[in-house]
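So this one's query08.tsv, TSV, C-alpha atoms and all ligand atoms:
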chain	number	residue	atom	x	y	z
G	1	MET	CA	39.34	-2.69	22.42
G	2	SER	CA	38.97	-6.32	23.46
G	3	ASP	CA	37.67	-8.79	20.91
G	4	ALA	CA	35.88	-10.86	23.57
G	5	SER	CA	32.36	-11.90	22.69
G	6	TYR	CA	29.75	-12.45	25.35
G	7	ARG	CA	26.50	-14.35	25.66
G	8	ASP	CA	23.48	-12.19	24.80
G	9	ALA	CA	21.66	-11.40	28.08
G	10	ILE	CA	20.47	-7.90	27.08
G	11	PHE	CA	16.77	-8.53	27.71
G	12	SER	CA	17.21	-11.07	30.52
G	13	THR	CA	16.21	-8.76	33.39
G	14	PRO	CA	12.78	-7.11	33.66
G	15	LEU	CA	12.84	-3.54	32.38
G	16	ASP	CA	10.34	-0.83	33.46
G	17	ARG	CA	10.59	0.66	30.03
G	18	VAL	CA	12.07	-1.24	27.08
G	19	ALA	CA	14.19	1.15	24.98
G	20	ARG	CA	14.26	0.98	21.18
G	21	PHE	CA	16.76	-1.60	19.97
G	22	SER	CA	20.04	-0.06	18.78
G	23	PHE	CA	23.44	-1.32	17.64
G	24	ASP	CA	25.34	0.16	20.59
G	25	GLU	CA	28.42	-1.06	22.52
G	26	GLN	CA	26.27	-3.43	24.59
G	27	VAL	CA	24.89	-5.16	21.48
G	28	VAL	CA	28.31	-5.23	19.79
G	29	ALA	CA	29.81	-7.09	22.78
G	30	CYS	CA	27.40	-10.01	22.39
G	31	PHE	CA	26.47	-9.65	18.70
G	32	PRO	CA	27.91	-12.93	17.33
G	33	ASP	CA	26.02	-14.89	19.99
G	34	MET	CA	22.85	-12.83	19.53
G	35	ILE	CA	22.65	-13.21	15.77
G	36	ARG	CA	23.52	-16.92	15.80
G	37	ARG	CA	20.82	-17.68	18.40
G	38	SER	CA	18.25	-15.29	16.89
G	39	VAL	CA	18.44	-15.70	13.12
G	40	PRO	CA	17.42	-19.12	11.79
G	41	GLY	CA	19.82	-20.20	9.04
G	42	TYR	CA	22.33	-17.38	9.65
G	43	GLY	CA	25.37	-19.70	9.44
G	44	GLN	CA	24.04	-21.53	6.39
G	45	ILE	CA	23.42	-18.27	4.54
G	46	LEU	CA	26.97	-17.07	5.27
G	47	GLY	CA	28.42	-20.35	3.99
G	48	MET	CA	26.41	-20.10	0.77
G	49	LEU	CA	27.48	-16.47	0.15
G	50	GLY	CA	30.99	-17.77	-0.50
G	51	VAL	CA	29.63	-20.31	-2.98
G	52	ILE	CA	27.50	-17.64	-4.71
G	53	ALA	CA	30.55	-15.36	-4.98
G	54	GLU	CA	32.57	-18.21	-6.54
G	55	ARG	CA	29.88	-18.73	-9.16
G	56	HIS	CA	28.83	-15.18	-9.94
G	57	LEU	CA	31.77	-12.88	-9.22
G	58	ARG	CA	34.15	-11.81	-11.98
G	59	HIS	CA	37.76	-12.31	-10.81
G	60	GLY	CA	38.93	-9.19	-8.97
G	61	ALA	CA	35.53	-7.52	-8.82
G	62	HIS	CA	34.41	-5.22	-6.02
G	63	VAL	CA	31.89	-6.40	-3.41
G	64	TYR	CA	29.84	-4.33	-0.98
G	65	ASP	CA	28.70	-5.72	2.36
G	66	LEU	CA	26.09	-3.20	3.49
G	67	GLY	CA	25.31	-3.17	7.20
G	68	CYS	CA	28.38	-5.33	7.74
G	69	SER	CA	28.21	-5.36	11.58
G	70	LEU	CA	31.28	-7.32	12.69
G	71	GLY	CA	32.23	-8.36	9.16
G	72	ALA	CA	30.82	-11.89	9.01
G	73	VAL	CA	30.12	-11.69	5.25
G	74	GLY	CA	33.67	-10.53	4.43
G	75	LEU	CA	35.09	-13.29	6.62
G	76	ALA	CA	32.92	-15.90	4.89
G	77	LEU	CA	34.11	-14.73	1.44
G	78	ALA	CA	37.75	-14.53	2.55
G	79	GLY	CA	37.47	-18.05	3.95
G	80	ARG	CA	36.46	-19.41	0.57
G	81	LEU	CA	38.08	-17.18	-2.10
G	82	PRO	CA	41.76	-16.31	-2.59
G	83	ALA	CA	42.96	-12.79	-1.83
G	84	ASP	CA	43.08	-11.69	-5.50
G	85	ALA	CA	39.53	-12.90	-6.24
G	86	PHE	CA	37.71	-9.83	-4.88
G	87	ARG	CA	37.96	-6.49	-3.05
G	88	LEU	CA	35.33	-5.76	-0.41
G	89	THR	CA	33.98	-2.68	1.31
G	90	GLY	CA	31.96	-3.21	4.46
G	91	VAL	CA	29.70	-0.31	5.46
G	92	ASP	CA	27.95	0.22	8.77
G	93	LEU	CA	26.28	3.12	10.57
G	94	SER	CA	27.39	1.95	14.02
G	95	PRO	CA	30.88	3.24	14.97
G	96	ALA	CA	31.23	0.43	17.53
G	97	MET	CA	30.61	-2.20	14.81
G	98	VAL	CA	32.97	-0.54	12.30
G	99	SER	CA	35.93	-0.37	14.65
G	100	ARG	CA	35.57	-3.99	15.76
G	101	ALA	CA	35.11	-5.23	12.16
G	102	GLY	CA	38.24	-3.39	10.99
G	103	GLU	CA	40.32	-5.02	13.75
G	104	THR	CA	38.92	-8.46	12.88
G	105	PHE	CA	39.87	-8.23	9.19
G	106	ALA	CA	43.37	-6.96	10.03
G	107	THR	CA	44.02	-10.00	12.23
G	108	GLU	CA	41.98	-12.72	10.49
G	109	CYS	CA	42.64	-12.05	6.79
G	110	PRO	CA	45.35	-9.38	6.34
G	111	GLU	CA	46.06	-10.55	2.76
G	112	HIS	CA	42.55	-9.80	1.53
G	113	ALA	CA	41.66	-6.30	0.26
G	114	ILE	CA	38.88	-5.57	2.74
G	115	GLU	CA	38.05	-2.12	4.12
G	116	VAL	CA	35.34	-1.06	6.54
G	117	VAL	CA	33.78	2.39	6.45
G	118	GLU	CA	31.34	4.12	8.74
G	119	GLY	CA	28.45	5.36	6.65
G	120	ASP	CA	24.74	5.40	5.93
G	121	ILE	CA	23.79	3.11	3.05
G	122	ARG	CA	21.01	5.60	2.14
G	123	THR	CA	23.49	8.33	1.21
G	124	LEU	CA	26.61	6.41	0.14
G	125	ASP	CA	28.22	7.25	-3.20
G	126	TYR	CA	28.39	3.71	-4.65
G	127	ARG	CA	31.22	2.53	-6.87
G	128	PRO	CA	30.70	-0.08	-9.62
G	129	SER	CA	30.48	-3.55	-8.07
G	130	GLY	CA	30.04	-7.17	-9.07
G	131	MET	CA	28.16	-8.27	-5.96
G	132	ILE	CA	26.28	-6.43	-3.23
G	133	VAL	CA	25.15	-8.10	-0.01
G	134	LEU	CA	22.46	-6.82	2.34
G	135	ASN	CA	22.51	-9.54	5.01
G	136	PHE	CA	19.65	-8.57	7.35
G	137	THR	CA	20.15	-4.81	6.93
G	138	LEU	CA	17.36	-3.43	4.69
G	139	GLN	CA	14.83	-4.43	7.39
G	140	PHE	CA	16.26	-1.73	9.68
G	141	LEU	CA	15.72	1.15	7.22
G	142	PRO	CA	12.47	3.10	7.44
G	143	PRO	CA	10.19	1.47	4.83
G	144	ALA	CA	9.95	4.72	2.85
G	145	ASP	CA	13.74	4.75	2.33
G	146	ARG	CA	14.06	1.20	0.96
G	147	GLU	CA	13.05	1.79	-2.66
G	148	ALA	CA	15.71	4.44	-3.33
G	149	VAL	CA	18.46	2.28	-1.82
G	150	ILE	CA	17.57	-0.75	-3.97
G	151	LYS	CA	17.51	1.51	-7.07
G	152	ALA	CA	20.95	2.92	-6.20
G	153	LEU	CA	22.29	-0.64	-5.78
G	154	PHE	CA	20.91	-1.70	-9.16
G	155	ASP	CA	22.68	1.30	-10.73
G	156	ALA	CA	25.95	0.48	-8.94
G	157	LEU	CA	25.98	-3.15	-10.08
G	158	GLU	CA	27.96	-4.00	-13.19
G	159	PRO	CA	26.15	-5.96	-15.93
G	160	GLY	CA	26.02	-9.59	-14.76
G	161	GLY	CA	26.15	-8.45	-11.12
G	162	VAL	CA	24.12	-9.91	-8.27
G	163	LEU	CA	22.42	-8.54	-5.17
G	164	VAL	CA	21.90	-10.88	-2.22
G	165	LEU	CA	19.17	-9.67	0.14
G	166	SER	CA	18.56	-11.57	3.40
G	167	GLU	CA	15.62	-10.41	5.51
G	168	LYS	CA	13.20	-11.22	8.30
G	169	ILE	CA	9.89	-11.47	6.45
G	170	VAL	CA	6.17	-11.35	7.18
G	171	ALA	CA	3.79	-13.78	5.43
G	172	ASP	CA	0.79	-12.42	3.51
G	173	ASP	CA	-1.53	-14.96	5.05
G	174	GLU	CA	-2.39	-14.13	8.67
G	175	GLN	CA	-2.58	-17.74	9.84
G	176	GLU	CA	0.65	-18.69	8.12
G	177	ASN	CA	2.32	-15.67	9.66
G	178	ALA	CA	1.05	-16.49	13.16
G	179	TRP	CA	2.39	-20.05	12.83
G	180	LEU	CA	5.80	-18.86	11.59
G	181	VAL	CA	6.12	-16.32	14.42
G	182	GLU	CA	5.11	-18.88	17.06
G	183	ARG	CA	7.62	-21.40	15.78
G	184	TYR	CA	10.25	-18.63	15.57
G	185	HIS	CA	9.68	-17.96	19.27
G	186	ASP	CA	10.05	-21.73	19.88
G	187	PHE	CA	13.32	-21.57	17.94
G	188	LYS	CA	14.55	-18.80	20.26
G	189	ARG	CA	13.41	-20.74	23.34
G	190	ALA	CA	15.28	-23.81	22.07
G	191	ASN	CA	18.36	-21.57	21.78
G	192	GLY	CA	18.16	-20.62	25.44
G	193	TYR	CA	16.12	-17.39	25.42
G	194	SER	CA	13.44	-17.03	28.12
G	195	ASP	CA	9.88	-15.88	27.45
G	196	MET	CA	10.75	-12.54	29.05
G	197	GLU	CA	13.78	-12.05	26.79
G	198	ILE	CA	11.71	-12.94	23.73
G	199	SER	CA	8.92	-10.57	24.71
G	200	GLN	CA	11.14	-7.61	25.70
G	201	LYS	CA	13.20	-7.90	22.51
G	202	ARG	CA	10.00	-8.01	20.48
G	203	THR	CA	8.98	-4.70	22.10
G	204	ALA	CA	12.44	-3.17	21.51
G	205	LEU	CA	12.25	-4.07	17.79
G	206	GLU	CA	8.77	-2.56	17.22
G	207	ASN	CA	9.02	0.14	14.53
G	208	VAL	CA	12.80	-0.51	14.38
G	209	LEU	CA	12.80	-3.79	12.41
G	210	VAL	CA	9.83	-3.58	10.04
G	211	PRO	CA	9.63	-6.70	7.85
G	212	ASP	CA	8.21	-6.77	4.30
G	213	THR	CA	6.56	-9.70	2.54
G	214	LEU	CA	8.60	-11.73	0.04
G	215	ALA	CA	6.25	-10.43	-2.68
G	216	ALA	CA	7.00	-6.81	-1.70
G	217	HIS	CA	10.75	-7.51	-1.95
G	218	HIS	CA	10.49	-9.14	-5.37
G	219	GLN	CA	8.26	-6.34	-6.67
G	220	ARG	CA	10.64	-3.65	-5.38
G	221	LEU	CA	13.61	-5.44	-7.00
G	222	ALA	CA	11.73	-5.63	-10.30
G	223	ARG	CA	10.82	-1.91	-10.12
G	224	ALA	CA	14.50	-1.10	-9.56
G	225	GLY	CA	15.36	-2.89	-12.81
G	226	PHE	CA	16.46	-6.38	-11.74
G	227	GLN	CA	15.51	-8.77	-14.54
G	228	ARG	CA	15.14	-11.78	-12.22
G	229	SER	CA	15.01	-12.48	-8.48
G	230	HIS	CA	14.69	-15.83	-6.68
G	231	THR	CA	14.10	-16.72	-3.06
G	232	TRP	CA	16.95	-19.22	-2.61
G	233	PHE	CA	16.59	-19.75	1.16
G	234	GLN	CA	13.82	-19.68	3.74
G	235	TYR	CA	13.82	-20.91	7.35
G	236	LEU	CA	10.66	-19.86	9.25
G	237	ASN	CA	10.21	-16.07	8.86
G	238	PHE	CA	13.77	-15.47	7.61
G	239	ALA	CA	14.64	-15.61	3.92
G	240	SER	CA	17.32	-14.77	1.40
G	241	ILE	CA	16.81	-13.57	-2.16
G	242	ILE	CA	19.24	-13.33	-5.06
G	243	ALA	CA	18.56	-10.70	-7.75
G	244	PHE	CA	20.30	-10.58	-11.13
G	245	LYS	CA	21.25	-7.66	-13.35
G	246	ASP	CA	21.50	-8.90	-16.95
G	247	ALA	CA	24.95	-9.11	-18.51
G	301	LIG	N1	21.29	3.12	7.33
G	301	LIG	C1	22.24	2.24	7.64
G	301	LIG	N2	23.45	2.30	7.03
G	301	LIG	C2	24.44	1.42	7.35
G	301	LIG	N3	24.28	0.43	8.23
G	301	LIG	C3	23.09	0.33	8.86
G	301	LIG	C4	22.02	1.23	8.59
G	301	LIG	N4	20.96	0.87	9.38
G	301	LIG	C5	21.35	-0.21	10.10
G	301	LIG	N5	22.63	-0.53	9.79
G	301	LIG	C6	23.44	-1.63	10.33
G	301	LIG	O1	22.92	-2.83	9.85
G	301	LIG	C7	23.36	-3.90	10.68
G	301	LIG	C8	22.23	-4.92	10.79
G	301	LIG	S1	22.76	-6.50	11.40
G	301	LIG	C9	23.63	-7.10	9.97
G	301	LIG	C10	24.31	-8.41	10.16
G	301	LIG	C11	25.51	-8.61	9.27
G	301	LIG	N6	25.23	-8.21	7.87
G	301	LIG	C12	25.98	-10.05	9.34
G	301	LIG	O2	25.82	-10.77	8.34
G	301	LIG	O3	26.50	-10.42	10.39
G	301	LIG	C13	21.33	-7.48	11.34
G	301	LIG	C14	20.72	-7.84	12.63
G	301	LIG	O4	21.29	-7.44	13.68
G	301	LIG	O5	19.65	-8.53	12.61
G	301	LIG	C15	23.77	-3.26	12.02
G	301	LIG	O6	25.14	-3.43	12.25
G	301	LIG	C16	23.39	-1.78	11.85
G	301	LIG	O7	24.29	-0.90	12.50
G	302	LIG	O1	15.84	-11.36	17.61
G	302	LIG	C1	14.93	-11.07	16.83
G	302	LIG	O2	13.73	-11.01	17.21
G	302	LIG	C2	15.19	-10.85	15.42
G	302	LIG	O3	14.31	-10.56	14.70
G	302	LIG	C3	16.59	-11.00	14.86
G	302	LIG	C4	17.57	-9.97	15.29
G	302	LIG	C5	18.88	-10.37	15.47
G	302	LIG	C6	19.84	-9.44	15.87
G	302	LIG	C7	19.46	-8.12	16.08
G	302	LIG	C8	18.14	-7.72	15.90
G	302	LIG	C9	17.19	-8.65	15.48

Transcribe the structure of this file into structure tokens.
Amino acid sequence: MSDASYRDAIFSTPLDRVARFSFDEQVVACFPDMIRRSVPGYGQILGMLGVIAERHLRHGAHVYDLGCSLGAVGLALAGRLPADAFRLTGVDLSPAMVSRAGETFATECPEHAIEVVEGDIRTLDYRPSGMIVLNFTLQFLPPADREAVIKALFDALEPGGVLVLSEKIVADDEQENAWLVERYHDFKRANGYSDMEISQKRTALENVLVPDTLAAHHQRLARAGFQRSHTWFQYLNFASIIAFKDA
């Protein structure tokens, strides 16, 4: 398969009926462009994941990248840490994503111990790990399934391990939320998306990407057993949390 990446124009023509958003071949082909133009702070978060791994990961520990898409998290870690510093398993439900990610690691960082597996993070048999990353993935699980996954990740983490959870969020306060969503749409417009693209994608994501509040995330992490969790990044209605399992 070609590794070409295209500009995201998926919602640029008027559709009679907007289908539910899915991570199919069409999305895979333009995914790097889509996520960079649609997720405020995406590049900054990736850069910081390498720094967090340097600080918190025991040498040689195992890392999970859950909902790895094209492998951006693994590439960010491999760009910053030597090959013997960690082993990584990327997991994704989309076969199109998994095959492209596997090819990318083989060409970009063949020395690093990185594997990609097709699987559902709700049913995976987790191995002990030092760091687990959910970079904009939990938001796509049905809300009722999220608690059990976070509990399973707490159990899989070794003492002293960290979970990094990046998510689109909704603010508790209605006015604050309206302002954040309006400015988020401005952000997309500034990145070249038309009003029609913004509106059709919004429809496609309804009931597919269901955001939680930051408070709901922190409470769920605490219920799962995490002793501490901090919001370390927020840019409009997108945020990243780090949660710690005591050593
Ligand atoms: N149940 C599931 N099990 C496994 N994977 C899933 C599941 N549900 C959805 N996915 C996968 O989660 C990924 C979410 S994208 C992650 C970006 C990446 N982390 C990045 O840092 O570039 C975020 C976004 O597109 O906003 C997709 O590849 C889905 O196939
Ligand atoms: O584009 C959006 O509206 C988003 O919320 C971000 C996003 C990015 C990539 C796939 C799905 C959602």

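Ranking G:Glu115, G:Glu197, G:Asp16, G:Glu158 by their shortest atom-to-atom distance to ligand LIG 302 (chain G), with only C-alpha atoms and all ligand atoms included, puts G:Glu197 first.
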
As AutoDock Vina command-line options, please: the centre and edge lengths in Å, to one decimal, of an axis-aligned box enclosing every listed atom of range 101-108 of chain G with 4 Å added on each side.
--center_x 39.6 --center_y -8.1 --center_z 11.5 --size_x 16.9 --size_y 17.3 --size_z 12.6

Could you list, as a VMD selection string, every residue within 9 Å of Gly102 in chain G, counting all atoms listed in the file and ignoring same-chain residues fewer than 3 positions away?
chain G and resid 70 to 71 97 to 99 105 to 107 114 to 117

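Counting from CA of Leu205 in chain G, the distance to atom O1 of ligand LIG 301 (chain G) is 13.4 Å.
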
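The residue that comes closest to Pro82 in chain G, out of G:His62, G:His112, G:Lys245, G:His217 and on the basis of only C-alpha atoms, is G:His112.
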